Amino acid sequence: MELIQAIIASIIVAATPLAFAAIGEVVAEKSGVLNLGVEGMMIVGALAGFATTFETGSPALGVLVAAAAGTTAALAFGFLTQILLANQVATGLALTLFCLGLTALAGHAYSGQATPPLQPIPIPLLSEIPVLGPALFAHDALVYLAVALALAAGWFLRSTRAGLILRAIGENPDAAHAIGYPVVLARLMALAFGGALAGIGGAYLFLVQTPHWVENMTSGRGWIALAIVVFAGWRPERALLGAYLFGGVSVIQLHMQAFGIDIDAQYLSMAPYLATIVVLALISHDKTRQRMNAPAALGRPFFQSS
Amino acid sequence: MIRLEPRPTASTAMIYIAPAAAILLSMAAGMGLFWALGEDPVRGIGMVFIEPLTDWFYISEISVKGTPLLLIAIGLSFGFRAGIWNIGAEGQFTVGALAGGATALALYDMEGLWVLPLMALASIAAGMAWAAIPAFLRTRLNTNEILVTLMLTYVATHILSILVHGPLKDPTGFNFPESRLFHDAATVPVLFEGARAHVGLLAAFLVVAVAWLTLRYHVFGFQMKVTGQAPRAARFAGFVQPRAVWACLLISGGLAGFAGMLEAAGPVGQLVPAIPVGYGFTAIIVAFLGRLQPLGILFASFVMALTYIGGEAAQIDMNLPNAITGVFQGMFLFLLLGIDVLTRYRVRRIPRRPAPSAALRGA
């Protein structure tokens, strides 16, 4: 029982950064913009958050600065793709490459330093349920925030007027523009939201997972988040579930030995990446479903002609 | 009020000006960066971009870094033209190095001129096989190749590490995770005595020439151009998209694999976990900076290799982290993509309020 409890708790910890990044990217992609720079926004958030937490001792401030840093990176991407009409795929790659370089340079002074971890906040009553209580309801605030954001983003996209406009812009920006909706502004806001969440996801890595700054510490999580968006069919709640699934795959290596299964840890550390490929292949197999869910204008440039 | 107006055709002048402007602006931004790091900006930028050109040793080193970049970027440029995004060249590079290296170790101490060509073939086949996975998934299951190629990069890095820690470990190497040093027949010959520049550079030049001829004279080059610019037109013309996906991924995979073998059997001389050092990702920037044109890529790979060597010099001399190279390379691509708006659009100034028409004023 202790073991199951520990496994569930560690899955949630591994999944939360993925959840933040994936939920943010769902909203951004729903506006019709494909931002491949999630990895870059996460690493920028991680470093900015780490530096802030290290200097001030305040994890909360670190989360805020991480969100701001992710937003800044996202808006740089937005400026290039929405104002200067650059290719979205190339710009997303550029953002990731640039951010990885920049953080390696700027973070050099912080390598080897440690920050105080984020304290868990057990939810009264619920956390006292045997086994499930400590596994599910004794986490840090960001775990709960991720769940709340998934629900809120789902509600926003489905049931609010602004969400409907955002989806319309993602399906057909020309028509939305003709009706008078601010396409570029809405896309920039969606990107900014995605960037803020990616930044928080990056901050979670040092706040809860390992209390250090390590160069390139996102190690592909931003890319896995992009895969989760496809897996989730562009729905925030499913993105949360997808993140838990992928989180599960990535921590399973830590627990295999506990079950008496003796596999080299090296083989198991490939598991998340292989699982991503398998899941993507299975999901994308169904072409009609894919076309139904993906925003129709995803990745296409929008030129405002009048 | 400033607005953009689409040009009927891309500006020829801007096609050449944009990369040059991106490089110059990166240098200017780089001077700001050096200043922010508390170094002399002029000396810093001179160290990265000019000093390596003043010494034959550095020029040889530039060719060592430029060779893999050139090979990989040429391969990627075909796919990027056609909108097929192989961003996992790093992984194909790694399996190429692994296959070439494993061949060398299997033939340990065997002499003969056939050893290196066999290693080259093994590496090309391995790179192609690695790229065939996304090609198969994209053409059969409609799976996004961007994510698959990238995920396979992480898998390749792990496989290299596993094999170097296990079966390919040097039996006399005190348990270090590295293979034996390749014997002479399995080592890429150097061009000049005492320098690391190797014959792979000549192979890369040959690839540039072939790519140039293909794009100019062969129908495949034309198909790639049309597929990228007008997918519908390409379909009507009977260009088969799945075939283009396969061709682009296999070409880029094979060339990246070959580059990996040259790296392992050239400057490194053995298999170590740190063989993939990011050439596969930097080559993406090289391909764009070179405008996806073979001759442009030749120039861009030289500039990019220069920043590696210059960055190393700055690292040693000014005690800066070597990540400074990555910052410059990222800036190149970022600024290029931004400036490129002027290639496809022109800037027009229009009055904020439309002036009353002449007819009205006359009345």
# chains A, B, ... in the order shown; residues from 1 in each chain; ligands from 1
call {"tool": "interface_residues", "arguments": {"of": "chain A", "to": "chain B", "cutoff": "6 Å", "atoms": "only C-alpha atoms", "output": "ChimeraX atom specification"}}
result
/A:80,84,86,94,97-98,101-102,104-105,270,273,277,281,284-285
call {"tool": "write_last_selection", "arguments": {"atoms": "C-alpha atoms", "output": "PDB file, in the first residue's frame"}}
result
ATOM      1  CA  LEU A  80       7.776  36.971 -35.430  1.00  0.00           C
ATOM      2  CA  LEU A  84       6.325  39.613 -39.189  1.00  0.00           C
ATOM      3  CA  ALA A  86       7.511  34.202 -40.237  1.00  0.00           C
ATOM      4  CA  ALA A  94      14.473  28.882 -33.455  1.00  0.00           C
ATOM      5  CA  LEU A  97      17.406  26.534 -29.905  1.00  0.00           C
ATOM      6  CA  PHE A  98      17.892  30.140 -28.826  1.00  0.00           C
ATOM      7  CA  GLY A 101      21.650  28.454 -25.667  1.00  0.00           C
ATOM      8  CA  LEU A 102      20.682  31.528 -23.702  1.00  0.00           C
ATOM      9  CA  ALA A 104      23.003  27.579 -20.735  1.00  0.00           C
ATOM     10  CA  LEU A 105      24.938  30.839 -20.864  1.00  0.00           C
ATOM     11  CA  MET A 270      14.003   5.478 -23.240  1.00  0.00           C
ATOM     12  CA  TYR A 273      10.178   8.764 -25.816  1.00  0.00           C
ATOM     13  CA  ILE A 277       6.011   7.623 -30.678  1.00  0.00           C
ATOM     14  CA  ALA A 281       1.136   6.596 -34.223  1.00  0.00           C
ATOM     15  CA  SER A 284      -2.957   9.843 -35.711  1.00  0.00           C
ATOM     16  CA  HIS A 285      -3.952   6.636 -37.459  1.00  0.00           C
TER      17      HIS A 285
END
call {"tool": "residues_around", "arguments": {"residues": "Trp234 (chain A)", "least_positions_apart": "2", "cutoff": "6 Å", "atoms": "only C-alpha atoms", "output": "list in words"}}
result
Val26, Val229 and Ala232 of chain A
call {"tool": "write_last_selection", "arguments": {"atoms": "C-alpha atoms", "output": "compact mmCIF listing (two decimals), in the first residue's frame"}}
result
# COMPACT_ATOMS: atom_id res chain seq x y z
CA VAL A 26 -3.80 23.43 -26.32
CA VAL A 229 -1.71 17.99 -27.26
CA ALA A 232 -5.57 14.85 -26.16
call {"tool": "select_by_dssp", "arguments": {"residues": "region 47-237 of chain A", "states": "helix (DSSP H, G or I)", "output": "JSON, numbers by chain"}}
result
{"A": [47, 48, 49, 50, 51, 52, 53, 54, 55, 56, 59, 60, 61, 62, 63, 64, 65, 66, 67, 68, 69, 70, 71, 72, 73, 74, 75, 76, 77, 78, 79, 80, 81, 82, 83, 88, 89, 90, 91, 92, 93, 94, 95, 96, 97, 98, 99, 100, 101, 102, 103, 104, 105, 106, 107, 108, 109, 110, 126, 127, 128, 132, 133, 134, 135, 136, 141, 142, 143, 144, 145, 146, 147, 148, 149, 150, 151, 152, 153, 154, 155, 156, 157, 158, 159, 161, 162, 163, 164, 165, 166, 167, 168, 169, 170, 171, 173, 174, 175, 176, 177, 178, 179, 183, 184, 185, 186, 187, 188, 189, 190, 191, 192, 193, 194, 195, 196, 197, 198, 199, 200, 201, 202, 203, 204, 205, 206, 207, 208, 209, 221, 222, 223, 224, 225, 226, 227, 228, 229, 230, 231, 236, 237]}
call {"tool": "residues_around", "arguments": {"residues": "region 187-203 of chain A", "least_positions_apart": "4", "cutoff": "6 Å", "atoms": "only C-alpha atoms", "output": "CSV table (one decimal) with C-alpha atoms, in the first residue's frame"}}
result
chain,number,residue,atom,x,y,z
A,17,PRO,CA,5.2,20.1,-15.7
A,20,PHE,CA,1.1,22.8,-17.5
A,21,ALA,CA,2.9,23.0,-20.8
A,24,GLY,CA,-1.1,26.1,-22.4
A,25,GLU,CA,-0.2,24.7,-25.8
A,28,ALA,CA,-2.4,28.4,-28.1
A,31,SER,CA,-6.2,29.9,-31.9
A,41,MET,CA,9.7,28.5,-23.0
A,42,MET,CA,9.9,25.8,-20.3
A,43,ILE,CA,13.7,26.1,-20.0
A,45,GLY,CA,10.8,29.7,-17.2
A,46,ALA,CA,13.0,27.2,-15.3
A,49,GLY,CA,12.2,31.0,-11.7
A,63,VAL,CA,6.7,30.8,-10.1
A,66,ALA,CA,8.9,31.9,-14.5
A,67,ALA,CA,5.4,32.6,-15.9
A,70,GLY,CA,7.7,32.1,-20.5
A,71,THR,CA,5.2,34.8,-21.7
A,74,ALA,CA,6.0,33.3,-26.3
A,78,GLY,CA,4.2,35.8,-31.5
call {"tool": "closest_residue", "arguments": {"among": "B:Gly30, B:Gly221, B:Pro52, B:Gly96", "to": "Gly280 (chain B)", "atoms": "only C-alpha atoms"}}
result
B:Gly96
call {"tool": "residues_around", "arguments": {"residues": "Ser123 (chain B)", "least_positions_apart": "6", "cutoff": "8 Å", "atoms": "only C-alpha atoms", "output": "PDB file with N, CA and C atoms, in the first residue's frame"}}
result
ATOM      1  N   VAL B  95      23.052   7.316 -34.670  1.00  0.00           N
ATOM      2  CA  VAL B  95      23.036   5.906 -35.090  1.00  0.00           C
ATOM      3  C   VAL B  95      24.041   5.680 -36.212  1.00  0.00           C
ATOM      4  N   GLY B  96      24.286   6.702 -37.044  1.00  0.00           N
ATOM      5  CA  GLY B  96      25.302   6.568 -38.079  1.00  0.00           C
ATOM      6  C   GLY B  96      26.678   6.369 -37.462  1.00  0.00           C
ATOM      7  N   ALA B  97      26.982   7.197 -36.470  1.00  0.00           N
ATOM      8  CA  ALA B  97      28.263   7.063 -35.771  1.00  0.00           C
ATOM      9  C   ALA B  97      28.370   5.680 -35.138  1.00  0.00           C
ATOM     10  N   LEU B  98      27.255   5.239 -34.566  1.00  0.00           N
ATOM     11  CA  LEU B  98      27.229   3.948 -33.882  1.00  0.00           C
ATOM     12  C   LEU B  98      27.461   2.811 -34.869  1.00  0.00           C
ATOM     13  N   ALA B  99      26.739   2.841 -36.000  1.00  0.00           N
ATOM     14  CA  ALA B  99      26.875   1.753 -36.973  1.00  0.00           C
ATOM     15  C   ALA B  99      28.268   1.752 -37.591  1.00  0.00           C
ATOM     16  N   GLY B 100      28.756   2.945 -37.962  1.00  0.00           N
ATOM     17  CA  GLY B 100      30.092   3.024 -38.528  1.00  0.00           C
ATOM     18  C   GLY B 100      31.127   2.564 -37.518  1.00  0.00           C
ATOM     19  N   GLY B 254      20.345   9.506 -44.351  1.00  0.00           N
ATOM     20  CA  GLY B 254      21.592   8.901 -44.831  1.00  0.00           C
ATOM     21  C   GLY B 254      22.763   9.853 -44.681  1.00  0.00           C
ATOM     22  N   GLY B 257      23.652  10.235 -41.049  1.00  0.00           N
ATOM     23  CA  GLY B 257      24.350   9.041 -40.584  1.00  0.00           C
ATOM     24  C   GLY B 257      25.809   9.041 -41.028  1.00  0.00           C
ATOM     25  N   PHE B 258      26.022   9.409 -42.281  1.00  0.00           N
ATOM     26  CA  PHE B 258      27.377   9.482 -42.827  1.00  0.00           C
ATOM     27  C   PHE B 258      28.203  10.500 -42.041  1.00  0.00           C
ATOM     28  N   GLY B 260      27.802  11.311 -39.039  1.00  0.00           N
ATOM     29  CA  GLY B 260      28.101  10.724 -37.732  1.00  0.00           C
ATOM     30  C   GLY B 260      29.314   9.810 -37.788  1.00  0.00           C
ATOM     31  N   MET B 261      29.379   8.997 -38.854  1.00  0.00           N
ATOM     32  CA  MET B 261      30.526   8.097 -39.006  1.00  0.00           C
ATOM     33  C   MET B 261      31.813   8.904 -39.147  1.00  0.00           C
TER      34      MET B 261
END
call {"tool": "residues_around", "arguments": {"residues": "region 55-61 of chain A", "least_positions_apart": "6", "cutoff": "8 Å", "atoms": "only C-alpha atoms", "output": "list in words"}}
result
Gly49, Thr115, Pro116, Pro117, Leu118 and Leu207 of chain A
call {"tool": "write_last_selection", "arguments": {"atoms": "N, CA and C atoms", "output": "PDB file, in the first residue's frame"}}
result
ATOM      1  N   GLY A  49      12.803  31.336 -13.036  1.00  0.00           N
ATOM      2  CA  GLY A  49      12.222  30.982 -11.748  1.00  0.00           C
ATOM      3  C   GLY A  49      13.286  30.579 -10.746  1.00  0.00           C
ATOM      4  N   THR A 115      17.798  25.385  -4.319  1.00  0.00           N
ATOM      5  CA  THR A 115      16.741  26.269  -3.826  1.00  0.00           C
ATOM      6  C   THR A 115      15.849  25.491  -2.865  1.00  0.00           C
ATOM      7  N   PRO A 116      15.124  26.230  -2.002  1.00  0.00           N
ATOM      8  CA  PRO A 116      14.187  25.535  -1.123  1.00  0.00           C
ATOM      9  C   PRO A 116      13.046  24.940  -1.947  1.00  0.00           C
ATOM     10  N   PRO A 117      12.595  23.729  -1.635  1.00  0.00           N
ATOM     11  CA  PRO A 117      11.513  23.124  -2.407  1.00  0.00           C
ATOM     12  C   PRO A 117      10.167  23.723  -2.035  1.00  0.00           C
ATOM     13  N   LEU A 118       9.214  23.510  -2.931  1.00  0.00           N
ATOM     14  CA  LEU A 118       7.856  23.959  -2.686  1.00  0.00           C
ATOM     15  C   LEU A 118       7.226  23.051  -1.639  1.00  0.00           C
ATOM     16  N   LEU A 207      11.365  23.308  -8.550  1.00  0.00           N
ATOM     17  CA  LEU A 207      10.634  23.535  -7.306  1.00  0.00           C
ATOM     18  C   LEU A 207      10.271  22.226  -6.618  1.00  0.00           C
TER      19      LEU A 207
END
call {"tool": "residues_around", "arguments": {"residues": "Lys169 (chain B)", "least_positions_apart": "4", "cutoff": "12 Å", "atoms": "only C-alpha atoms", "output": "ChimeraX atom specification"}}
result
/B:101-102,105,160-165,173-181,270-273
call {"tool": "atom_distance", "arguments": {"atom1": "CA of Ala256 (chain B)", "atom2": "CA of Phe93 (chain B)"}}
result
4.6 Å
call {"tool": "closest_residue", "arguments": {"among": "A:Leu3, A:Gln82, A:Thr16, A:His255", "to": "Pro182 (chain A)", "atoms": "only C-alpha atoms"}}
result
A:Gln82
call {"tool": "closest_residue", "arguments": {"among": "B:Ala132, B:Gly200, B:His183, B:Val286", "to": "Ile72 (chain B)", "atoms": "only C-alpha atoms"}}
result
B:Val286
call {"tool": "residues_around", "arguments": {"residues": "Glu29 (chain A)", "least_positions_apart": "3", "cutoff": "8 Å", "atoms": "only C-alpha atoms", "output": "list of chain:residue names"}}
result
A:Glu25, A:Val26, A:Gly32, A:Val33, A:Leu34, A:Asn35, A:Gly170, A:Trp234, A:Pro295, A:Leu298
call {"tool": "write_last_selection", "arguments": {"atoms": "N, CA and C atoms", "output": "PDB file, in the first residue's frame"}}
result
ATOM      1  N   GLU A  25      -0.393  24.881 -24.351  1.00  0.00           N
ATOM      2  CA  GLU A  25      -0.242  24.706 -25.793  1.00  0.00           C
ATOM      3  C   GLU A  25      -1.580  24.393 -26.458  1.00  0.00           C
ATOM      4  N   VAL A  26      -2.471  23.695 -25.758  1.00  0.00           N
ATOM      5  CA  VAL A  26      -3.803  23.434 -26.323  1.00  0.00           C
ATOM      6  C   VAL A  26      -4.483  24.761 -26.631  1.00  0.00           C
ATOM      7  N   GLY A  32      -5.054  28.586 -33.606  1.00  0.00           N
ATOM      8  CA  GLY A  32      -4.528  28.362 -34.945  1.00  0.00           C
ATOM      9  C   GLY A  32      -3.031  28.569 -35.077  1.00  0.00           C
ATOM     10  N   VAL A  33      -2.318  28.697 -33.950  1.00  0.00           N
ATOM     11  CA  VAL A  33      -0.877  28.906 -34.012  1.00  0.00           C
ATOM     12  C   VAL A  33      -0.158  27.673 -33.477  1.00  0.00           C
ATOM     13  N   LEU A  34       0.764  27.160 -34.258  1.00  0.00           N
ATOM     14  CA  LEU A  34       1.558  26.021 -33.825  1.00  0.00           C
ATOM     15  C   LEU A  34       2.874  26.541 -33.276  1.00  0.00           C
ATOM     16  N   ASN A  35       3.013  26.529 -31.961  1.00  0.00           N
ATOM     17  CA  ASN A  35       4.245  27.015 -31.342  1.00  0.00           C
ATOM     18  C   ASN A  35       5.092  25.822 -30.912  1.00  0.00           C
ATOM     19  N   GLY A 170      -9.132  30.073 -34.795  1.00  0.00           N
ATOM     20  CA  GLY A 170      -8.280  28.928 -35.119  1.00  0.00           C
ATOM     21  C   GLY A 170      -8.797  28.127 -36.307  1.00  0.00           C
ATOM     22  N   TRP A 234      -6.684  18.114 -28.628  1.00  0.00           N
ATOM     23  CA  TRP A 234      -6.820  19.558 -28.388  1.00  0.00           C
ATOM     24  C   TRP A 234      -7.880  19.863 -27.324  1.00  0.00           C
ATOM     25  N   PRO A 295      -7.417  22.275 -35.000  1.00  0.00           N
ATOM     26  CA  PRO A 295      -7.885  23.533 -35.570  1.00  0.00           C
ATOM     27  C   PRO A 295      -7.524  23.588 -37.061  1.00  0.00           C
ATOM     28  N   LEU A 298      -4.397  25.563 -38.236  1.00  0.00           N
ATOM     29  CA  LEU A 298      -3.196  25.378 -37.414  1.00  0.00           C
ATOM     30  C   LEU A 298      -1.929  25.494 -38.257  1.00  0.00           C
TER      31      LEU A 298
END
call {"tool": "closest_residue", "arguments": {"among": "A:Val27, A:Ala68, A:Ala175, A:Leu100", "to": "Gly278 (chain B)", "atoms": "only C-alpha atoms"}}
result
A:Leu100
call {"tool": "atom_distance", "arguments": {"atom1": "CA of Glu39 (chain B)", "atom2": "CA of Leu289 (chain B)"}}
result
27.8 Å
call {"tool": "closest_residue", "arguments": {"among": "B:Ala197, B:Leu24, B:Ile316, B:Ala230", "to": "Glu263 (chain B)", "atoms": "only C-alpha atoms"}}
result
B:Ala197
call {"tool": "closest_residue", "arguments": {"among": "B:Ala313, B:Ala104, B:Ile124, B:Ala20", "to": "Gly269 (chain B)", "atoms": "only C-alpha atoms"}}
result
B:Ala104
